[in-house]
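File shown: coords-v9.pdb (PDB, C-alpha atoms).
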```pdb
ATOM      1  CA  LEU R   1     138.200 223.891 127.591
ATOM      2  CA  VAL R   2     134.753 223.831 129.145
ATOM      3  CA  LEU R   3     136.217 224.408 132.610
ATOM      4  CA  LYS R   4     138.471 227.172 131.273
ATOM      5  CA  TRP R   5     135.534 229.082 129.729
ATOM      6  CA  ASN R   6     132.823 228.075 132.201
ATOM      7  CA  SER R   7     133.426 230.777 134.812
ATOM      8  CA  ARG R   8     132.793 233.489 132.211
ATOM      9  CA  LEU R   9     130.136 231.873 130.044
ATOM     10  CA  HIS R  10     128.212 229.635 132.456
ATOM     11  CA  LEU R  11     128.285 226.760 129.980
ATOM     12  CA  THR R  12     127.269 224.118 132.520
ATOM     13  CA  THR R  13     126.610 223.595 136.204
ATOM     14  CA  LEU R  14     128.060 220.094 135.941
ATOM     15  CA  THR R  15     131.779 220.485 136.566
ATOM     16  CA  ARG R  16     132.559 217.122 138.150
ATOM     17  CA  PRO R  17     133.958 214.970 135.306
ATOM     18  CA  GLN R  18     131.647 211.996 135.973
ATOM     19  CA  ASP R  19     128.516 214.184 136.074
ATOM     20  CA  PHE R  20     129.580 216.055 132.941
ATOM     21  CA  PHE R  21     130.287 212.789 131.144
ATOM     22  CA  GLU R  22     126.974 211.169 132.092
ATOM     23  CA  ARG R  23     124.755 214.160 131.339
ATOM     24  CA  HIS R  24     126.449 215.797 128.370
ATOM     25  CA  ILE R  25     128.604 213.204 126.634
ATOM     26  CA  LEU R  26     126.479 210.078 127.062
ATOM     27  CA  GLU R  27     123.229 211.904 126.216
ATOM     28  CA  SER R  28     124.900 213.261 123.079
ATOM     29  CA  ALA R  29     126.174 209.808 122.139
ATOM     30  CA  PHE R  30     122.638 208.462 122.590
ATOM     31  CA  SER R  31     121.301 211.129 120.234
ATOM     32  CA  GLU R  32     123.979 210.218 117.670
ATOM     33  CA  SER R  33     122.753 206.621 117.738
ATOM     34  CA  LEU R  34     119.284 207.827 116.692
ATOM     35  CA  ILE R  35     120.372 209.763 113.601
ATOM     36  CA  LEU R  36     119.057 208.147 110.432
ATOM     37  CA  PRO R  37     121.639 206.738 107.997
ATOM     38  CA  SER R  38     120.290 208.934 105.179
ATOM     39  CA  VAL R  39     121.010 212.186 107.089
ATOM     40  CA  ASN R  40     124.092 214.036 105.806
ATOM     41  CA  GLN R  41     124.096 217.079 108.089
ATOM     42  CA  VAL R  42     123.119 218.055 111.610
ATOM     43  CA  TRP R  43     122.013 221.488 112.792
ATOM     44  CA  ASP R  44     122.512 221.859 116.549
ATOM     45  CA  LEU R  45     120.247 224.747 117.583
ATOM     46  CA  GLY R  46     121.333 226.803 120.584
ATOM     47  CA  SER R  47     124.512 224.787 120.745
ATOM     48  CA  GLY R  48     125.858 226.453 123.912
ATOM     49  CA  LEU R  49     128.731 224.291 125.069
ATOM     50  CA  GLY R  50     128.548 222.196 121.900
ATOM     51  CA  VAL R  51     126.391 219.286 122.942
ATOM     52  CA  PRO R  52     125.128 217.247 121.311
ATOM     53  CA  GLY R  53     126.690 218.711 118.140
ATOM     54  CA  MET R  54     130.406 218.325 118.934
ATOM     55  CA  VAL R  55     129.957 214.777 120.197
ATOM     56  CA  ILE R  56     128.011 213.894 117.049
ATOM     57  CA  ALA R  57     130.782 215.440 114.918
ATOM     58  CA  ILE R  58     133.379 213.286 116.698
ATOM     59  CA  LEU R  59     131.350 210.074 116.424
ATOM     60  CA  ARG R  60     130.188 210.701 112.844
ATOM     61  CA  PRO R  61     132.981 212.477 110.931
ATOM     62  CA  ASN R  62     131.051 211.839 107.699
ATOM     63  CA  LEU R  63     128.319 214.283 108.818
ATOM     64  CA  ASN R  64     128.558 218.036 108.438
ATOM     65  CA  VAL R  65     127.601 219.551 111.788
ATOM     66  CA  ARG R  66     126.435 223.152 112.054
ATOM     67  CA  LEU R  67     126.546 224.585 115.578
ATOM     68  CA  ILE R  68     124.084 227.483 115.739
ATOM     69  CA  GLU R  69     124.497 229.860 118.672
ATOM     70  CA  VAL R  70     123.368 233.449 119.234
ATOM     71  CA  SER R  71     125.874 234.394 121.979
ATOM     72  CA  ARG R  72     129.089 235.820 120.500
ATOM     73  CA  ASN R  73     131.163 234.590 123.446
ATOM     74  CA  LYS R  74     129.790 231.061 123.137
ATOM     75  CA  VAL R  75     130.482 231.179 119.394
ATOM     76  CA  LEU R  76     134.119 231.997 120.200
ATOM     77  CA  PHE R  77     134.225 229.071 122.628
ATOM     78  CA  LEU R  78     132.721 226.705 120.031
ATOM     79  CA  GLU R  79     135.200 227.832 117.380
ATOM     80  CA  GLU R  80     138.120 227.284 119.758
ATOM     81  CA  ALA R  81     136.807 223.863 120.784
ATOM     82  CA  ALA R  82     136.262 222.754 117.162
ATOM     83  CA  THR R  83     139.790 223.876 116.269
ATOM     84  CA  TYR R  84     141.296 222.227 119.358
ATOM     85  CA  LEU R  85     139.506 218.956 118.536
ATOM     86  CA  ASN R  86     140.460 219.292 114.841
ATOM     87  CA  LEU R  87     136.839 218.861 113.753
ATOM     88  CA  LYS R  88     136.883 219.665 110.048
ATOM     89  CA  ASN R  89     133.200 218.715 109.755
ATOM     90  CA  VAL R  90     132.029 221.467 112.148
ATOM     91  CA  GLU R  91     130.779 224.903 111.145
ATOM     92  CA  VAL R  92     129.925 227.441 113.837
ATOM     93  CA  LEU R  93     127.236 229.943 112.941
ATOM     94  CA  GLU R  94     126.450 233.028 115.040
ATOM     95  CA  SER R  95     122.741 233.494 114.551
ATOM     96  CA  ARG R  96     119.312 233.258 116.089
ATOM     97  CA  PHE R  97     117.925 230.097 114.555
ATOM     98  CA  GLU R  98     114.584 231.846 114.033
ATOM     99  CA  THR R  99     116.203 233.925 111.273
ATOM    100  CA  LEU R 100     117.450 230.914 109.295
ATOM    101  CA  GLU R 101     115.880 229.410 106.206
ATOM    102  CA  SER R 102     114.465 225.895 106.469
ATOM    103  CA  ALA R 103     116.940 223.115 107.071
ATOM    104  CA  PRO R 104     117.589 220.937 104.007
ATOM    105  CA  GLU R 105     115.830 217.659 103.365
ATOM    106  CA  LYS R 106     118.638 215.284 104.416
ATOM    107  CA  SER R 107     119.277 217.062 107.693
ATOM    108  CA  CYS R 108     118.644 216.396 111.355
ATOM    109  CA  LEU R 109     117.958 219.227 113.817
ATOM    110  CA  THR R 110     118.962 218.785 117.437
ATOM    111  CA  VAL R 111     117.638 220.995 120.234
ATOM    112  CA  ARG R 112     118.756 220.397 123.775
ATOM    113  CA  ALA R 113     118.672 223.511 125.936
ATOM    114  CA  ILE R 114     117.287 226.757 124.591
ATOM    115  CA  GLU R 115     115.485 229.513 126.449
ATOM    116  CA  LYS R 116     111.702 229.278 126.453
ATOM    117  CA  MET R 117     111.746 225.856 124.786
ATOM    118  CA  GLU R 118     107.964 225.423 125.071
ATOM    119  CA  LYS R 119     107.313 228.649 123.163
ATOM    120  CA  MET R 120     110.010 227.833 120.585
ATOM    121  CA  ILE R 121     108.618 224.425 119.521
ATOM    122  CA  PRO R 122     106.577 225.894 116.608
ATOM    123  CA  GLU R 123     109.655 227.768 115.347
ATOM    124  CA  ILE R 124     111.816 224.640 115.646
ATOM    125  CA  LEU R 125     109.220 222.704 113.667
ATOM    126  CA  ARG R 126     109.074 225.471 111.028
ATOM    127  CA  LEU R 127     112.837 225.367 110.618
ATOM    128  CA  GLY R 128     112.746 221.579 110.420
ATOM    129  CA  ALA R 129     109.681 221.292 108.169
ATOM    130  CA  LYS R 130     111.721 219.762 105.327
ATOM    131  CA  ALA R 131     114.307 218.063 107.558
ATOM    132  CA  GLN R 132     114.311 214.310 107.674
ATOM    133  CA  GLN R 133     114.601 214.245 111.448
ATOM    134  CA  ILE R 134     114.352 216.456 114.547
ATOM    135  CA  LEU R 135     115.634 215.472 117.989
ATOM    136  CA  ILE R 136     114.250 217.546 120.873
ATOM    137  CA  PHE R 137     115.551 216.898 124.392
ATOM    138  CA  GLY R 138     113.571 217.584 127.546
ATOM    139  CA  ALA R 139     110.557 216.575 129.563
ATOM    140  CA  LYS R 140     107.958 214.090 128.366
ATOM    141  CA  SER R 141     105.315 216.810 128.830
ATOM    142  CA  ARG R 142     106.375 218.384 125.492
ATOM    143  CA  GLU R 143     105.297 215.323 123.535
ATOM    144  CA  GLU R 144     101.549 216.008 123.442
ATOM    145  CA  LYS R 145     101.921 219.631 122.323
ATOM    146  CA  THR R 146     104.428 218.647 119.664
ATOM    147  CA  ARG R 147     102.244 215.820 118.325
ATOM    148  CA  ALA R 148      99.368 218.279 117.898
ATOM    149  CA  LEU R 149     101.599 220.557 115.815
ATOM    150  CA  VAL R 150     102.896 217.823 113.488
ATOM    151  CA  PRO R 151     100.229 215.138 113.055
ATOM    152  CA  ASP R 152     101.850 214.021 109.789
ATOM    153  CA  LYS R 153     105.174 213.022 111.366
ATOM    154  CA  GLU R 154     106.218 209.938 113.256
ATOM    155  CA  ILE R 155     107.224 210.803 116.849
ATOM    156  CA  ASP R 156     108.902 208.528 119.376
ATOM    157  CA  CYS R 157     109.487 209.876 122.878
ATOM    158  CA  LEU R 158     112.442 207.941 124.252
ATOM    159  CA  LEU R 159     113.729 207.879 127.808
ATOM    160  CA  ILE R 160     117.427 208.736 127.797
ATOM    161  CA  PRO R 161     119.451 205.802 129.186
ATOM    162  CA  GLY R 162     120.527 206.404 132.771
ATOM    163  CA  SER R 163     117.737 208.928 133.379
ATOM    164  CA  ASN R 164     114.295 208.606 134.878
ATOM    165  CA  GLN R 165     112.937 211.939 133.666
ATOM    166  CA  ARG R 166     114.901 213.146 130.630
ATOM    167  CA  TYR R 167     113.573 212.290 127.200
ATOM    168  CA  VAL R 168     114.372 212.893 123.578
ATOM    169  CA  MET R 169     111.603 213.253 121.037
ATOM    170  CA  ASN R 170     112.647 211.643 117.775
ATOM    171  CA  ILE R 171     110.542 213.247 115.036
ATOM    172  CA  ILE R 172     110.865 211.619 111.624
ATOM    173  CA  ARG R 173     109.409 213.014 108.428
ATOM    174  CA  SER R 174     107.292 210.421 106.676
ATOM    175  CA  THR R 175     108.561 209.509 103.244
TER     176      THR R 175
END
```

Produce structure tokens that represent the structure in this file.
Amino acid sequence: LVLKWNSRLHLTTLTRPQDFFERHILESAFSESLILPSVNQVWDLGSGLGVPGMVIAILRPNLNVRLIEVSRNKVLFLEEAATYLNLKNVEVLESRFETLESAPEKSCLTVRAIEKMEKMIPEILRLGAKAQQILIFGAKSREEKTRALVPDKEIDCLLIPGSNQRYVMNIIRST
């Protein structure tokens, strides 16, 4: 499905199966392994081609996964993919995440590839203020800025397995 839609939507530059698997599927599976047991829903912000959200939904069918995407065409792709994969635990929402109310307490936000990520960190943190966990993918350079914005939360910056420069910040609300 990704290859079918990719020429129109530019979902990914990685079209070789091995590259796609290593970058999109394995990174998503790694993020799934970090999700706290007490979390009952995941909000995947700027879901795009559905990673990590779709992979999480497959690996954790007990979690409700909300794929949040602003592009109407990508929303249509995500809906088709969720139907094709028979993912009953996936909801696709066409929206700018900045317009959403705060995520619920037992939720985890994931953010992997959104435009102007650096500028959006405060908005992501606002949306996830009550969330139990936030996973932000990207460069290690985001860690310091993020720590300054949320001094009351535990933050681990973890190198993604198989990478030497891609990280995920695991932000956990103190209880």

Hey, which of R:Ile134, R:Ala57, R:Leu3, R:Leu158 ends up closest to R:Leu87? Count only C-alpha atoms. R:Ala57

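When atom CA of R:Ser174 is paired with atom CA of R:Gln132, their separation reads 8.1 Å.
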
The PyMOL selection byres ((chain R and resi 95-101) around 12) on the file shown: which residues, as a PyMOL selection string? chain R and resi 43-47+66-72+74-75+92-94+102-104+109-111+114-115+120-131

Can you pull out the residues contacting R:Glu32? Cut-off 10 Å, using all atoms listed in the file, and skip same-chain residues under 5 positions away; I want them as JSON, numbers by chain. {"R": [26, 27, 42, 52, 53, 55, 56, 57, 58, 59, 60, 110, 135]}

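Here the PyMOL selection byres ((chain R and resi 157) around 7) catches exactly these residues: Glu143, Ile155, Asp156, Leu158, Leu159, Tyr167, Val168, Met169 and Asn170 of chain R.
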
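In terms of minimum interatomic distance to R:Glu80, R:Val2 ranks closest within R:Val2, R:Leu149, R:Ile160, R:Ile171, counting only C-alpha atoms.
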
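Here the question is which of R:Lys4, R:His10, R:Lys88, R:Arg112 gets nearest to R:His24 using all atoms listed in the file, and that residue is R:Arg112.
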
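You can rank R:Pro17, R:Ala139, R:Thr146, R:Pro151 by their closest distance to R:Asn164 using all atoms listed in the file, and at the top of that list sits R:Ala139.
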
Can you pull out every residue within 9 Å of R:Asn62, counting only C-alpha atoms, but drop anything in the same chain fewer than 4 positions away, and send it as an MDAnalysis selection string? chainID R and resid 40:41 57 89

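Between atom CA of R:Ser163 and atom CA of R:Val90 the separation is 28.5 Å.
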
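Proximity ranking of R:Met117, R:Ala148, R:Met54, R:Cys108 relative to R:Ile35 places R:Cys108 first, based on all atoms listed in the file.
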
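Against the coordinates shown, the PyMOL selection byres ((chain R and resi 49) around 8) returns Val2, Leu11, Thr12, Ser47, Gly48, Gly50, Val51, Lys74, Phe77 and Leu78 of chain R.
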